[in-house]
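*Asks:* Encoded as structure tokens, here's the structure I'll be asking about.
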Amino acid sequence: MKYRRSLQGIEIPRWLGIKENSVSTLHGFCDASTKAYAAVIYLRNTSADEVCHTSLIAAKTRVAP
């Protein structure tokens with residue numbers, strides 16, 4: 001278990017596909033009922049040559065008690 005201690009300090013940054021001369025928009029959606037809810041946030045990046053790249057930022061779901 002000596003590897004466990006060395007892995008705790010490692011951080012890997014998330015690349016979101018943002019490039020120079022591009023347009024980025026943040027989108028969020030949610031829905032809920034009496035039984036559950038869900039939410040999602042993602043980034044849409046459009047480059048100068050109109051190529052789109054999307055990245056999931058966060059998502060959450062929960063069943064109501």
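Identifiers in the structure tokens: chain A, B, ... in order shown; residue index from 1 per chain; ligand index from 1 in order shown.
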Enumerate, as number ranges by chain, the complete set of residues in chain A that a backbone-based DSSP assignment places in strand (DSSP E).

*Replies:* A: 23-32, 36-46, 52-63

*Asks:* Give me the residues within 6 Å of Val40 of chain A as a PyMOL selection string, counting only C-alpha atoms and dropping any in the same chain fewer than 5 places off.

*Replies:* chain A and resi 28-29+58-59

*Asks:* Keeping only N, CA, C and O atoms, write the selected residues as a PDB file, in the first residue's frame.

*Replies:*
ATOM      1  N   GLY A  28     -26.874  24.779 -19.005  1.00  0.00           N
ATOM      2  CA  GLY A  28     -27.335  24.006 -17.858  1.00  0.00           C
ATOM      3  C   GLY A  28     -28.788  23.609 -18.024  1.00  0.00           C
ATOM      4  O   GLY A  28     -29.607  24.395 -18.524  1.00  0.00           O
ATOM      5  N   PHE A  29     -29.103  22.390 -17.648  1.00  0.00           N
ATOM      6  CA  PHE A  29     -30.465  21.882 -17.729  1.00  0.00           C
ATOM      7  C   PHE A  29     -30.790  21.146 -16.439  1.00  0.00           C
ATOM      8  O   PHE A  29     -29.925  20.523 -15.824  1.00  0.00           O
ATOM      9  N   ALA A  58     -20.509  18.969 -15.160  1.00  0.00           N
ATOM     10  CA  ALA A  58     -21.029  18.337 -13.945  1.00  0.00           C
ATOM     11  C   ALA A  58     -22.413  17.754 -14.219  1.00  0.00           C
ATOM     12  O   ALA A  58     -23.143  18.251 -15.075  1.00  0.00           O
ATOM     13  N   ALA A  59     -22.754  16.719 -13.473  1.00  0.00           N
ATOM     14  CA  ALA A  59     -24.083  16.105 -13.551  1.00  0.00           C
ATOM     15  C   ALA A  59     -24.457  15.599 -12.166  1.00  0.00           C
ATOM     16  O   ALA A  59     -23.594  15.155 -11.416  1.00  0.00           O
TER      17      ALA A  59
END

*Asks:* Considering only C-alpha atoms, state which residue in the set A:Pro65, A:Trp15, A:Ser55, A:Gln8 is at the smallest distance from His27 of chain A.

*Replies:*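 When distances to His27 of chain A are compared using only C-alpha atoms, the smallest one comes from A:Ser55.
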
*Asks:* Residues at most 9 Å from Ala48 of chain A, counting only C-alpha atoms, excluding those fewer than 4 positions away in the same chain, as a list in words?

*Replies:*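 Close residues of Ala48 of chain A: Glu20, Asn21, Ser22 and Val23 of chain A.
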
*Asks:* Write out, as a tab-separated table (two decimals), in the first residue's frame, the residues just selected, with N, CA, C and O atoms.

*Replies:*
chain	number	residue	atom	x	y	z
A	20	GLU	N	-7.97	29.29	-28.95
A	20	GLU	CA	-7.92	30.70	-29.29
A	20	GLU	C	-8.92	31.01	-30.40
A	20	GLU	O	-9.17	30.17	-31.28
A	21	ASN	N	-9.52	32.19	-30.37
A	21	ASN	CA	-10.50	32.64	-31.37
A	21	ASN	C	-11.71	31.72	-31.46
A	21	ASN	O	-12.20	31.41	-32.54
A	22	SER	N	-12.20	31.25	-30.33
A	22	SER	CA	-13.38	30.41	-30.30
A	22	SER	C	-14.43	31.06	-29.40
A	22	SER	O	-14.14	31.92	-28.59
A	23	VAL	N	-15.67	30.61	-29.56
A	23	VAL	CA	-16.78	31.10	-28.75
A	23	VAL	C	-17.21	29.98	-27.83
A	23	VAL	O	-17.52	28.87	-28.29

*Asks:* Can you pull out every residue within 9 Å of Asn45 of chain A, counting only C-alpha atoms, but drop anything in the same chain fewer than 5 positions away, and send it as a PyMOL selection string?

*Replies:* chain A and resi 16-19+22-26+51-55

*Asks:* Name the residues in contact with Asp31 of chain A at a cut-off of 12 Å, using only C-alpha atoms, excluding same-chain residues fewer than 4 positions from it; report them as an mmCIF file with all heavy atoms, in the first residue's frame.

*Replies:*
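File produced: part10.cif:
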data_model
loop_
_atom_site.group_PDB
_atom_site.id
_atom_site.type_symbol
_atom_site.label_atom_id
_atom_site.label_comp_id
_atom_site.auth_asym_id
_atom_site.auth_seq_id
_atom_site.Cartn_x
_atom_site.Cartn_y
_atom_site.Cartn_z
ATOM 1 N N LYS A 35 -40.525 12.287 -7.533
ATOM 2 C CA LYS A 35 -39.739 11.071 -7.302
ATOM 3 C C LYS A 35 -38.234 11.264 -7.422
ATOM 4 O O LYS A 35 -37.468 10.523 -6.822
ATOM 5 C CB LYS A 35 -40.188 9.981 -8.271
ATOM 6 C CG LYS A 35 -41.630 9.571 -8.067
ATOM 7 C CD LYS A 35 -42.030 8.475 -9.004
ATOM 8 C CE LYS A 35 -43.480 8.112 -8.755
ATOM 9 N NZ LYS A 35 -43.923 7.022 -9.598
ATOM 10 N N ALA A 36 -37.796 12.251 -8.217
ATOM 11 C CA ALA A 36 -36.348 12.414 -8.430
ATOM 12 C C ALA A 36 -36.058 13.759 -9.075
ATOM 13 O O ALA A 36 -36.965 14.458 -9.524
ATOM 14 C CB ALA A 36 -35.819 11.293 -9.319
ATOM 15 N N TYR A 37 -34.761 14.105 -9.121
ATOM 16 C CA TYR A 37 -34.333 15.275 -9.881
ATOM 17 C C TYR A 37 -33.018 14.964 -10.574
ATOM 18 O O TYR A 37 -32.287 14.057 -10.193
ATOM 19 C CB TYR A 37 -34.227 16.530 -9.005
ATOM 20 C CG TYR A 37 -33.016 16.586 -8.098
ATOM 21 C CD1 TYR A 37 -31.774 17.012 -8.571
ATOM 22 C CD2 TYR A 37 -33.111 16.236 -6.768
ATOM 23 C CE1 TYR A 37 -30.674 17.078 -7.748
ATOM 24 C CE2 TYR A 37 -32.016 16.295 -5.927
ATOM 25 C CZ TYR A 37 -30.802 16.721 -6.424
ATOM 26 O OH TYR A 37 -29.717 16.782 -5.609
ATOM 27 N N ALA A 38 -32.735 15.768 -11.597
ATOM 28 C CA ALA A 38 -31.490 15.614 -12.342
ATOM 29 C C ALA A 38 -31.056 16.980 -12.854
ATOM 30 O O ALA A 38 -31.898 17.831 -13.163
ATOM 31 C CB ALA A 38 -31.670 14.654 -13.507
ATOM 32 N N ALA A 39 -29.753 17.202 -12.939
ATOM 33 C CA ALA A 39 -29.207 18.446 -13.464
ATOM 34 C C ALA A 39 -27.894 18.142 -14.181
ATOM 35 O O ALA A 39 -27.172 17.224 -13.805
ATOM 36 C CB ALA A 39 -28.965 19.442 -12.335
ATOM 37 N N VAL A 40 -27.614 18.926 -15.215
ATOM 38 C CA VAL A 40 -26.381 18.748 -15.976
ATOM 39 C C VAL A 40 -25.891 20.122 -16.446
ATOM 40 O O VAL A 40 -26.689 21.003 -16.746
ATOM 41 C CB VAL A 40 -26.586 17.784 -17.170
ATOM 42 C CG1 VAL A 40 -27.562 18.329 -18.178
ATOM 43 C CG2 VAL A 40 -25.273 17.463 -17.846
ATOM 44 N N ALA A 59 -22.754 16.719 -13.473
ATOM 45 C CA ALA A 59 -24.083 16.105 -13.551
ATOM 46 C C ALA A 59 -24.457 15.599 -12.166
ATOM 47 O O ALA A 59 -23.594 15.155 -11.416
ATOM 48 C CB ALA A 59 -24.092 14.967 -14.554
ATOM 49 N N LYS A 60 -25.743 15.673 -11.863
ATOM 50 C CA LYS A 60 -26.206 15.232 -10.542
ATOM 51 C C LYS A 60 -27.610 14.664 -10.675
ATOM 52 O O LYS A 60 -28.454 15.233 -11.357
ATOM 53 C CB LYS A 60 -26.218 16.431 -9.581
ATOM 54 C CG LYS A 60 -26.673 16.141 -8.197
ATOM 55 C CD LYS A 60 -25.612 15.404 -7.417
ATOM 56 C CE LYS A 60 -26.061 15.224 -5.987
ATOM 57 N NZ LYS A 60 -25.063 14.610 -5.177
ATOM 58 N N THR A 61 -27.838 13.545 -10.032
ATOM 59 C CA THR A 61 -29.174 12.960 -9.959
ATOM 60 C C THR A 61 -29.437 12.524 -8.529
ATOM 61 O O THR A 61 -28.500 12.211 -7.779
ATOM 62 C CB THR A 61 -29.327 11.738 -10.881
ATOM 63 O OG1 THR A 61 -28.382 10.743 -10.491
ATOM 64 C CG2 THR A 61 -29.110 12.105 -12.334
ATOM 65 N N ARG A 62 -30.675 12.520 -8.161
ATOM 66 C CA ARG A 62 -31.026 12.060 -6.824
ATOM 67 C C ARG A 62 -32.468 11.582 -6.806
ATOM 68 O O ARG A 62 -33.332 12.220 -7.380
ATOM 69 C CB ARG A 62 -30.833 13.181 -5.801
ATOM 70 C CG ARG A 62 -31.274 12.752 -4.424
ATOM 71 C CD ARG A 62 -30.475 13.182 -3.281
ATOM 72 N NE ARG A 62 -29.049 13.113 -3.453
ATOM 73 C CZ ARG A 62 -28.223 13.642 -2.578
ATOM 74 N NH1 ARG A 62 -28.688 14.264 -1.533
ATOM 75 N NH2 ARG A 62 -26.921 13.552 -2.757
#

*Asks:* Got a sec to tell me which of chain A DSSP assigns to alpha helix (DSSP H), as a PDB file with all heavy atoms, in the first residue's frame?

*Replies:*
ATOM      1  N   LYS A   2       2.109   1.173  -0.292  1.00  0.00           N
ATOM      2  CA  LYS A   2       2.948   2.364  -0.341  1.00  0.00           C
ATOM      3  C   LYS A   2       2.574   3.268  -1.515  1.00  0.00           C
ATOM      4  O   LYS A   2       2.834   4.450  -1.494  1.00  0.00           O
ATOM      5  CB  LYS A   2       4.418   1.997  -0.400  1.00  0.00           C
ATOM      6  CG  LYS A   2       4.826   1.243  -1.653  1.00  0.00           C
ATOM      7  CD  LYS A   2       6.280   0.891  -1.622  1.00  0.00           C
ATOM      8  CE  LYS A   2       6.644   0.096  -2.866  1.00  0.00           C
ATOM      9  NZ  LYS A   2       8.041  -0.245  -2.904  1.00  0.00           N
ATOM     10  N   TYR A   3       1.927   2.723  -2.563  1.00  0.00           N
ATOM     11  CA  TYR A   3       1.527   3.518  -3.717  1.00  0.00           C
ATOM     12  C   TYR A   3       0.351   4.431  -3.386  1.00  0.00           C
ATOM     13  O   TYR A   3       0.204   5.487  -3.962  1.00  0.00           O
ATOM     14  CB  TYR A   3       1.163   2.616  -4.891  1.00  0.00           C
ATOM     15  CG  TYR A   3       2.317   1.773  -5.336  1.00  0.00           C
ATOM     16  CD1 TYR A   3       2.316   0.398  -5.137  1.00  0.00           C
ATOM     17  CD2 TYR A   3       3.416   2.348  -5.951  1.00  0.00           C
ATOM     18  CE1 TYR A   3       3.382  -0.381  -5.543  1.00  0.00           C
ATOM     19  CE2 TYR A   3       4.490   1.583  -6.352  1.00  0.00           C
ATOM     20  CZ  TYR A   3       4.465   0.217  -6.147  1.00  0.00           C
ATOM     21  OH  TYR A   3       5.515  -0.538  -6.547  1.00  0.00           O
ATOM     22  N   ARG A   4      -0.495   4.040  -2.484  1.00  0.00           N
ATOM     23  CA  ARG A   4      -1.675   4.825  -2.121  1.00  0.00           C
ATOM     24  C   ARG A   4      -1.271   6.217  -1.632  1.00  0.00           C
ATOM     25  O   ARG A   4      -1.869   7.205  -1.983  1.00  0.00           O
ATOM     26  CB  ARG A   4      -2.505   4.107  -1.071  1.00  0.00           C
ATOM     27  CG  ARG A   4      -3.702   4.935  -0.612  1.00  0.00           C
ATOM     28  CD  ARG A   4      -4.582   4.173   0.302  1.00  0.00           C
ATOM     29  NE  ARG A   4      -5.513   3.445  -0.556  1.00  0.00           N
ATOM     30  CZ  ARG A   4      -6.351   2.544  -0.145  1.00  0.00           C
ATOM     31  NH1 ARG A   4      -6.385   2.202   1.111  1.00  0.00           N
ATOM     32  NH2 ARG A   4      -7.185   1.952  -0.956  1.00  0.00           N
ATOM     33  N   ARG A   5      -0.239   6.302  -0.810  1.00  0.00           N
ATOM     34  CA  ARG A   5       0.201   7.599  -0.284  1.00  0.00           C
ATOM     35  C   ARG A   5       0.714   8.509  -1.386  1.00  0.00           C
ATOM     36  O   ARG A   5       0.501   9.696  -1.379  1.00  0.00           O
ATOM     37  CB  ARG A   5       1.260   7.399   0.787  1.00  0.00           C
ATOM     38  CG  ARG A   5       0.641   6.967   2.107  1.00  0.00           C
ATOM     39  CD  ARG A   5       1.692   6.853   3.175  1.00  0.00           C
ATOM     40  NE  ARG A   5       1.721   5.440   3.542  1.00  0.00           N
ATOM     41  CZ  ARG A   5       2.782   4.691   3.620  1.00  0.00           C
ATOM     42  NH1 ARG A   5       3.965   5.205   3.414  1.00  0.00           N
ATOM     43  NH2 ARG A   5       2.698   3.429   3.934  1.00  0.00           N
ATOM     44  N   SER A   6       1.389   7.960  -2.384  1.00  0.00           N
ATOM     45  CA  SER A   6       1.947   8.796  -3.444  1.00  0.00           C
ATOM     46  C   SER A   6       0.882   9.250  -4.454  1.00  0.00           C
ATOM     47  O   SER A   6       1.062  10.247  -5.126  1.00  0.00           O
ATOM     48  CB  SER A   6       3.069   8.058  -4.164  1.00  0.00           C
ATOM     49  OG  SER A   6       2.575   6.909  -4.798  1.00  0.00           O
ATOM     50  N   LEU A   7      -0.223   8.549  -4.556  1.00  0.00           N
ATOM     51  CA  LEU A   7      -1.274   8.913  -5.501  1.00  0.00           C
ATOM     52  C   LEU A   7      -2.188  10.018  -4.978  1.00  0.00           C
ATOM     53  O   LEU A   7      -2.878  10.669  -5.760  1.00  0.00           O
ATOM     54  CB  LEU A   7      -2.121   7.690  -5.848  1.00  0.00           C
ATOM     55  CG  LEU A   7      -1.435   6.627  -6.681  1.00  0.00           C
ATOM     56  CD1 LEU A   7      -2.358   5.438  -6.893  1.00  0.00           C
ATOM     57  CD2 LEU A   7      -0.990   7.186  -8.019  1.00  0.00           C
TER      58      LEU A   7
END
